[in-house]
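Text of the file data.csv, holding CSV, C-alpha atoms:
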```
chain,number,residue,atom,x,y,z
A,1,MET,CA,15.0,-14.1,-14.2
A,2,PRO,CA,11.6,-15.7,-14.1
A,3,PRO,CA,10.6,-17.9,-17.0
A,4,ASN,CA,7.3,-16.1,-17.5
A,5,ILE,CA,6.3,-12.4,-17.4
A,6,ILE,CA,2.6,-11.4,-17.7
A,7,LEU,CA,1.6,-7.8,-18.4
A,8,VAL,CA,-1.9,-6.9,-17.1
A,9,HIS,CA,-4.0,-3.8,-16.4
A,10,GLY,CA,-2.4,-1.4,-18.9
A,11,GLU,CA,-3.2,0.5,-22.1
A,12,ALA,CA,-2.9,-1.8,-25.1
A,13,ASN,CA,-0.4,0.3,-27.0
A,14,GLU,CA,1.9,1.0,-24.0
A,15,MET,CA,1.7,-2.7,-23.0
A,16,GLY,CA,2.8,-3.6,-26.6
A,17,LYS,CA,5.8,-1.2,-26.4
A,18,LEU,CA,6.8,-2.6,-23.0
A,19,LYS,CA,6.5,-6.2,-24.3
A,20,GLN,CA,8.8,-5.4,-27.3
A,21,LYS,CA,11.4,-3.8,-25.0
A,22,LEU,CA,11.4,-6.8,-22.7
A,23,ILE,CA,11.7,-9.2,-25.6
A,24,THR,CA,14.7,-7.2,-26.9
A,25,ARG,CA,16.3,-6.9,-23.5
A,26,PHE,CA,16.0,-10.6,-22.6
A,27,ALA,CA,16.4,-12.0,-26.1
A,28,ASP,CA,19.3,-14.3,-24.9
A,29,ARG,CA,17.2,-15.8,-22.1
A,30,ASN,CA,14.4,-18.4,-22.2
A,31,THR,CA,11.7,-16.0,-20.9
A,32,LYS,CA,8.1,-16.0,-22.2
A,33,ILE,CA,6.4,-12.6,-22.1
A,34,ILE,CA,2.6,-12.5,-22.4
A,35,SER,CA,0.3,-9.4,-22.8
A,36,LEU,CA,-3.3,-10.1,-21.7
A,37,LYS,CA,-6.5,-8.4,-22.7
A,38,ASN,CA,-9.3,-7.8,-20.2
A,39,CYS,CA,-11.0,-11.0,-19.0
A,40,GLN,CA,-8.5,-13.1,-21.0
A,41,SER,CA,-7.2,-16.2,-19.0
A,42,VAL,CA,-3.8,-17.8,-19.1
A,43,GLU,CA,-2.8,-21.3,-17.9
A,44,MET,CA,0.6,-21.9,-16.3
A,45,TYR,CA,2.1,-25.2,-15.2
A,46,PHE,CA,4.4,-25.5,-12.3
A,47,TYR,CA,6.4,-28.7,-11.5
A,48,SER,CA,7.9,-29.5,-8.2
A,49,ASP,CA,9.1,-32.6,-6.4
A,50,LYS,CA,7.4,-33.7,-3.2
A,51,MET,CA,9.1,-35.9,-0.7
A,52,ALA,CA,7.9,-37.5,2.5
A,53,LYS,CA,10.0,-39.3,5.1
A,54,THR,CA,8.6,-42.3,7.0
A,55,ILE,CA,10.0,-44.4,9.8
A,56,GLY,CA,9.1,-47.7,11.4
A,57,ARG,CA,6.6,-50.2,9.8
A,58,LEU,CA,5.2,-47.5,7.5
A,59,ALA,CA,8.6,-47.1,5.8
A,60,GLU,CA,8.5,-50.8,4.9
A,61,LYS,CA,5.8,-50.2,2.3
A,62,THR,CA,5.6,-47.6,-0.5
A,63,LEU,CA,2.4,-45.5,-0.5
A,64,LYS,CA,1.0,-45.6,-4.0
A,65,SER,CA,-2.3,-43.8,-3.5
A,66,VAL,CA,-4.6,-42.2,-0.9
A,67,LYS,CA,-8.0,-43.5,0.0
A,68,LEU,CA,-10.9,-41.8,1.7
A,69,SER,CA,-14.2,-43.4,2.7
A,70,ALA,CA,-17.3,-41.3,2.9
A,71,VAL,CA,-21.0,-41.8,3.8
A,72,TYR,CA,-23.2,-41.2,0.8
A,73,CYS,CA,-27.0,-41.8,1.0
A,74,GLY,CA,-27.9,-41.0,-2.6
A,75,ALA,CA,-27.9,-43.0,-5.8
A,76,PHE,CA,-24.5,-43.6,-7.3
A,77,GLY,CA,-25.7,-42.6,-10.8
A,78,VAL,CA,-26.9,-39.2,-9.5
A,79,LEU,CA,-23.4,-38.4,-8.2
A,80,LYS,CA,-21.9,-39.3,-11.5
A,81,HIS,CA,-24.5,-37.2,-13.4
A,82,LYS,CA,-23.9,-34.1,-11.3
A,83,LEU,CA,-20.1,-34.4,-11.7
A,84,LYS,CA,-20.5,-34.6,-15.5
A,85,GLN,CA,-22.1,-31.2,-15.3
A,86,ILE,CA,-18.8,-29.7,-14.0
A,87,PHE,CA,-16.0,-31.9,-15.3
A,88,LYS,CA,-15.5,-32.7,-19.0
A,89,SER,CA,-14.0,-36.1,-18.2
A,90,VAL,CA,-16.1,-38.5,-16.0
A,91,GLU,CA,-15.6,-42.1,-17.3
A,92,SER,CA,-17.0,-45.3,-16.0
A,93,LEU,CA,-14.5,-48.1,-15.2
A,94,PRO,CA,-15.0,-51.8,-16.1
A,95,ASP,CA,-16.2,-54.0,-13.2
A,96,GLU,CA,-13.2,-56.3,-13.5
A,97,GLU,CA,-10.8,-53.3,-13.0
A,98,SER,CA,-12.6,-51.7,-10.1
A,99,GLU,CA,-14.4,-54.7,-8.5
A,100,GLY,CA,-17.7,-52.9,-8.6
A,101,PRO,CA,-19.4,-49.7,-9.8
A,102,ALA,CA,-16.8,-47.0,-10.2
A,103,PHE,CA,-15.9,-44.0,-12.4
A,104,ARG,CA,-12.8,-41.8,-12.8
A,105,VAL,CA,-13.1,-37.9,-12.5
A,106,HIS,CA,-10.8,-35.7,-14.5
A,107,GLU,CA,-8.4,-38.7,-15.0
A,108,ARG,CA,-7.2,-38.1,-11.4
A,109,LEU,CA,-9.8,-39.3,-8.9
A,110,THR,CA,-11.5,-42.7,-8.8
A,111,VAL,CA,-14.9,-42.9,-7.0
A,112,LYS,CA,-16.1,-46.4,-6.0
A,113,TYR,CA,-19.3,-47.7,-4.6
A,114,GLU,CA,-18.4,-49.8,-1.6
A,115,LEU,CA,-21.3,-50.9,0.6
A,116,GLU,CA,-24.7,-49.5,1.2
A,117,LYS,CA,-24.5,-45.7,2.0
A,118,HIS,CA,-20.7,-45.7,1.5
A,119,ILE,CA,-18.3,-44.7,-1.2
A,120,SER,CA,-14.5,-44.6,-1.4
A,121,LEU,CA,-12.3,-42.0,-3.1
A,122,HIS,CA,-8.9,-42.9,-4.5
A,123,TRP,CA,-6.3,-40.5,-5.8
A,124,ARG,CA,-2.6,-39.6,-5.9
A,125,SER,CA,-2.0,-36.5,-3.8
A,126,ASP,CA,-1.0,-33.4,-5.8
A,127,PRO,CA,-2.4,-29.8,-6.0
A,128,ILE,CA,-4.8,-30.5,-8.9
A,129,SER,CA,-6.0,-33.9,-7.6
A,130,ASP,CA,-6.6,-32.4,-4.1
A,131,MET,CA,-8.7,-29.7,-5.6
A,132,VAL,CA,-10.8,-32.3,-7.5
A,133,LEU,CA,-11.1,-34.2,-4.3
A,134,ASP,CA,-12.3,-31.2,-2.3
A,135,PHE,CA,-15.0,-30.5,-4.9
A,136,VAL,CA,-16.3,-34.1,-5.0
A,137,VAL,CA,-16.4,-34.3,-1.2
A,138,ALA,CA,-18.4,-31.0,-1.1
A,139,LEU,CA,-20.8,-32.3,-3.7
A,140,VAL,CA,-21.3,-35.6,-1.8
A,141,LEU,CA,-22.1,-33.7,1.4
A,142,ASN,CA,-24.4,-31.4,-0.5
A,143,ILE,CA,-26.3,-34.2,-2.2
A,144,SER,CA,-26.7,-36.0,1.1
A,145,ARG,CA,-28.3,-32.9,2.6
A,146,GLU,CA,-30.6,-32.5,-0.4
A,147,ILE,CA,-32.0,-36.0,-0.5
A,148,PRO,CA,-35.8,-35.5,0.1
A,149,LYS,CA,-37.3,-37.1,3.2
A,150,VAL,CA,-40.6,-38.8,3.4
A,151,VAL,CA,-42.9,-36.3,5.1
A,152,VAL,CA,-46.5,-37.0,6.0
A,153,GLU,CA,-47.8,-33.4,6.3
A,154,SER,CA,-47.7,-31.2,3.2
A,155,GLU,CA,-46.7,-28.2,5.3
A,156,GLU,CA,-43.5,-29.9,6.5
A,157,ALA,CA,-42.7,-30.9,2.9
A,158,THR,CA,-43.1,-27.3,1.7
A,159,LYS,CA,-40.8,-26.1,4.5
A,160,THR,CA,-38.2,-28.7,3.6
A,161,GLU,CA,-38.2,-27.6,0.0
A,162,GLU,CA,-37.8,-23.9,0.9
A,163,GLU,CA,-34.8,-24.7,3.2
A,164,ASN,CA,-33.2,-26.7,0.3
A,165,ASN,CA,-33.7,-23.8,-2.1
A,166,LYS,CA,-32.1,-21.4,0.4
A,167,LYS,CA,-29.1,-23.7,0.8
A,168,ALA,CA,-28.8,-24.1,-2.9
A,169,GLU,CA,-28.8,-20.3,-3.3
A,170,LYS,CA,-26.0,-19.9,-0.8
A,171,VAL,CA,-23.9,-22.6,-2.5
A,172,ILE,CA,-24.4,-21.0,-5.9
A,173,HIS,CA,-23.5,-17.6,-4.6
A,174,ALA,CA,-20.4,-18.9,-2.8
A,175,LEU,CA,-19.2,-20.8,-6.0
A,176,LEU,CA,-19.7,-17.7,-8.1
A,177,VAL,CA,-17.6,-15.6,-5.6
A,178,SER,CA,-14.9,-18.2,-5.8
A,179,LEU,CA,-14.8,-18.0,-9.6
A,180,PHE,CA,-15.3,-14.2,-10.2
A,181,GLY,CA,-14.5,-12.5,-6.8
A,182,ASP,CA,-16.9,-9.5,-6.7
A,183,VAL,CA,-20.4,-10.8,-6.7
A,184,LYS,CA,-23.2,-8.6,-5.1
A,185,PHE,CA,-26.9,-8.8,-4.9
A,186,GLY,CA,-28.7,-6.4,-7.1
A,187,GLU,CA,-32.3,-5.4,-7.8
A,188,ASN,CA,-35.1,-7.7,-8.8
A,189,GLY,CA,-33.2,-10.8,-7.7
A,190,LYS,CA,-30.2,-10.1,-10.0
A,191,LEU,CA,-26.6,-10.8,-9.1
A,192,VAL,CA,-24.0,-8.1,-10.1
A,193,ILE,CA,-20.6,-9.6,-11.1
A,194,SER,CA,-17.6,-7.3,-11.6
A,195,VAL,CA,-14.3,-8.3,-13.1
A,196,ASP,CA,-11.6,-5.8,-14.0
A,197,GLY,CA,-14.0,-3.0,-14.5
A,198,ASN,CA,-16.5,-5.1,-16.6
A,199,VAL,CA,-19.9,-5.7,-15.1
A,200,ALA,CA,-22.4,-8.5,-15.7
A,201,HIS,CA,-26.0,-8.8,-14.5
A,202,LEU,CA,-27.1,-12.3,-13.9
A,203,HIS,CA,-30.9,-13.2,-13.7
A,204,LYS,CA,-31.0,-16.1,-11.3
A,205,GLN,CA,-34.4,-17.3,-12.4
A,206,SER,CA,-33.9,-17.4,-16.2
A,207,GLY,CA,-30.1,-17.7,-16.2
A,208,ASN,CA,-29.8,-14.8,-18.7
A,209,VAL,CA,-26.7,-12.6,-18.5
A,210,GLU,CA,-26.4,-8.9,-19.5
A,211,SER,CA,-23.0,-7.4,-20.1
A,212,GLU,CA,-21.2,-5.3,-22.7
A,213,ASN,CA,-18.2,-7.6,-22.5
A,214,GLU,CA,-18.9,-10.7,-24.6
A,215,GLY,CA,-16.2,-12.8,-22.9
A,216,LEU,CA,-17.5,-12.0,-19.4
A,217,ARG,CA,-21.1,-12.6,-20.4
A,218,GLU,CA,-20.3,-16.0,-21.8
A,219,SER,CA,-18.1,-17.0,-18.9
A,220,VAL,CA,-20.8,-16.1,-16.3
A,221,ARG,CA,-23.5,-17.9,-18.4
A,222,VAL,CA,-21.6,-21.2,-18.7
A,223,ALA,CA,-20.4,-21.1,-15.0
A,224,PHE,CA,-23.9,-20.4,-13.7
A,225,GLN,CA,-25.4,-23.2,-15.9
A,226,ARG,CA,-22.9,-25.8,-14.7
A,227,ILE,CA,-23.1,-24.8,-11.0
A,228,GLN,CA,-26.9,-24.8,-11.1
A,229,ASN,CA,-27.0,-28.3,-12.7
A,230,ALA,CA,-24.7,-29.6,-10.1
A,231,VAL,CA,-26.3,-28.0,-7.1
A,232,LYS,CA,-30.0,-28.4,-7.9
A,233,PRO,CA,-31.3,-31.9,-6.9
A,234,ILE,CA,-32.5,-34.2,-9.7
A,235,PRO,CA,-36.3,-34.9,-9.5
A,236,LEU,CA,-37.0,-38.5,-8.3
A,237,SER,CA,-39.4,-38.9,-11.3
A,238,VAL,CA,-36.5,-38.7,-13.7
A,239,SER,CA,-35.6,-42.2,-14.9
```
Here is a file; write its structure as structure tokens.
Amino acid sequence: MPPNIILVHGEANEMGKLKQKLITRFADRNTKIISLKNCQSVEMYFYSDKMAKTIGRLAEKTLKSVKLSAVYCGAFGVLKHKLKQIFKSVESLPDEESEGPAFRVHERLTVKYELEKHISLHWRSDPISDMVLDFVVALVLNISREIPKVVVESEEATKTEEENNKKAEKVIHALLVSLFGDVKFGENGKLVISVDGNVAHLHKQSGNVESENEGLRESVRVAFQRIQNAVKPIPLSVS
């Protein structure tokens, strides 16, 4: 018998009856039964042991963490600022602990400034830490592409800005799809987001969201604001 049973996509009263029957039937078992409303989220934690076998010289040492070096041409503070727009926990580390500028993301991944145009990422491999790593690497690559270049002619500068805006629009759309699934282009530059029969209309220019479902409206608004802050480059004039 599974430890968790989640009831979804049903009429509220019928789901309530089914939940009570399941509770009565499995009263002698440690089974958690959850009945969700539309757009309601639930967090579940799964624990599993991972084991790796090594031979030769590699087996003489215990691997404590994983390290990845990456080329990064932007300002180290800019990377930290953008990550703060997405993750609640982005904390600076003391220099004596990290031997240089560094910060920890989501209490799982450490980002260190190594040499000019290089950073290193340190983490212990697990599903959540690997997801954090994938996002940080994608953001590093995106920032590197968005760093403005010195252009002599104004026409070339305008063209570069337009290309960056198009790339940013594609990234924003892709991230919204990864979060909500069904995201389509609507009229007048709007994005139409559908979740479990509920529809939200997102105005990309203003960030306003229209939806009869309050939960979906707030989720889309917050997600779009954080994604836009992370994707859009910070003006060089900002101190």
Using all atoms listed in the file, which protein or nucleic acid residues come within 10 Å of region 180-194 of chain A? Drop anything in the same chain fewer than 6 positions from it, and give the result as a VMD selection string. chain A and resid 173 to 174 200 to 205 207 to 211 216 to 217 219 to 220 223
Using only C-alpha atoms, determine which residues lie at most 12 Å from Gln228 (chain A), disregarding the query and same-chain residues fewer than 2 positions distant; provide the list as a PyMOL selection string. chain A and resi 82-83+85-86+165+168-173+175-176+204-207+220-226+230-234
Around (-20.0, -44.8, -7.1) in the file's frame, which residues reach within 9 Å when counting all atoms listed in the file? Return as a PDB file with C-alpha atoms, in the frame of the given file?
```pdb
ATOM      1  CA  ALA A  75     -27.900 -43.000  -5.800  1.00  0.00           C
ATOM      2  CA  PHE A  76     -24.500 -43.600  -7.300  1.00  0.00           C
ATOM      3  CA  GLY A  77     -25.700 -42.600 -10.800  1.00  0.00           C
ATOM      4  CA  LEU A  79     -23.400 -38.400  -8.200  1.00  0.00           C
ATOM      5  CA  LYS A  80     -21.900 -39.300 -11.500  1.00  0.00           C
ATOM      6  CA  GLY A 100     -17.700 -52.900  -8.600  1.00  0.00           C
ATOM      7  CA  PRO A 101     -19.400 -49.700  -9.800  1.00  0.00           C
ATOM      8  CA  ALA A 102     -16.800 -47.000 -10.200  1.00  0.00           C
ATOM      9  CA  PHE A 103     -15.900 -44.000 -12.400  1.00  0.00           C
ATOM     10  CA  THR A 110     -11.500 -42.700  -8.800  1.00  0.00           C
ATOM     11  CA  VAL A 111     -14.900 -42.900  -7.000  1.00  0.00           C
ATOM     12  CA  LYS A 112     -16.100 -46.400  -6.000  1.00  0.00           C
ATOM     13  CA  TYR A 113     -19.300 -47.700  -4.600  1.00  0.00           C
ATOM     14  CA  GLU A 114     -18.400 -49.800  -1.600  1.00  0.00           C
ATOM     15  CA  HIS A 118     -20.700 -45.700   1.500  1.00  0.00           C
ATOM     16  CA  ILE A 119     -18.300 -44.700  -1.200  1.00  0.00           C
ATOM     17  CA  SER A 120     -14.500 -44.600  -1.400  1.00  0.00           C
TER      18      SER A 120
END
```
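Taking CA of Leu36 (chain A) as the reference point, CA of His106 (chain A) is found at 27.6 Å.
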For region 29-32 of chain A, find every residue with an atom within 9 Å (counting all atoms listed in the file), except residues of its own chain fewer than 5 positions away, and show them as an MDAnalysis selection string. chainID A and resid 1:6 23
Can you tell me, as an MDAnalysis selection string, what residues are no more than 12 Å from Ile34 (chain A) when counting all atoms listed in the file, ignoring any on the same chain fewer than 6 positions away? chainID A and resid 3:8 15:16 18:20 22:23 40:44
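Candidate residues A:Val136, A:Ser89, A:Val177, A:Ser65 were compared for distance to His122 (chain A), and the nearest is A:Ser65, using all atoms listed in the file.
What separates CA of Ser69 (chain A) from CA of Arg124 (chain A) is a distance of 14.9 Å.
If you measure from each of A:Ile33, A:Asn38, A:Lys88, A:Val71 to Glu214 (chain A) using all atoms listed in the file, the closest one turns out to be A:Asn38.
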Between A:Arg145, A:His9, A:Lys167, A:Lys117, which has the minimum distance to Cys39 (chain A) (counting only C-alpha atoms)? A:His9
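Note that the spacing between CA of Leu179 (chain A) and CA of Val66 (chain A) amounts to 27.7 Å.
Shortest separation to Asn229 (chain A) among A:Lys21, A:Lys84, A:Lys166, A:Arg108 occurs at residue A:Lys84, atoms counted being all atoms listed in the file.
Counting only C-alpha atoms, the residue from A:Gly74, A:Ser129, A:Ser92, A:Arg104 that sits nearest to Glu116 (chain A) is A:Gly74.
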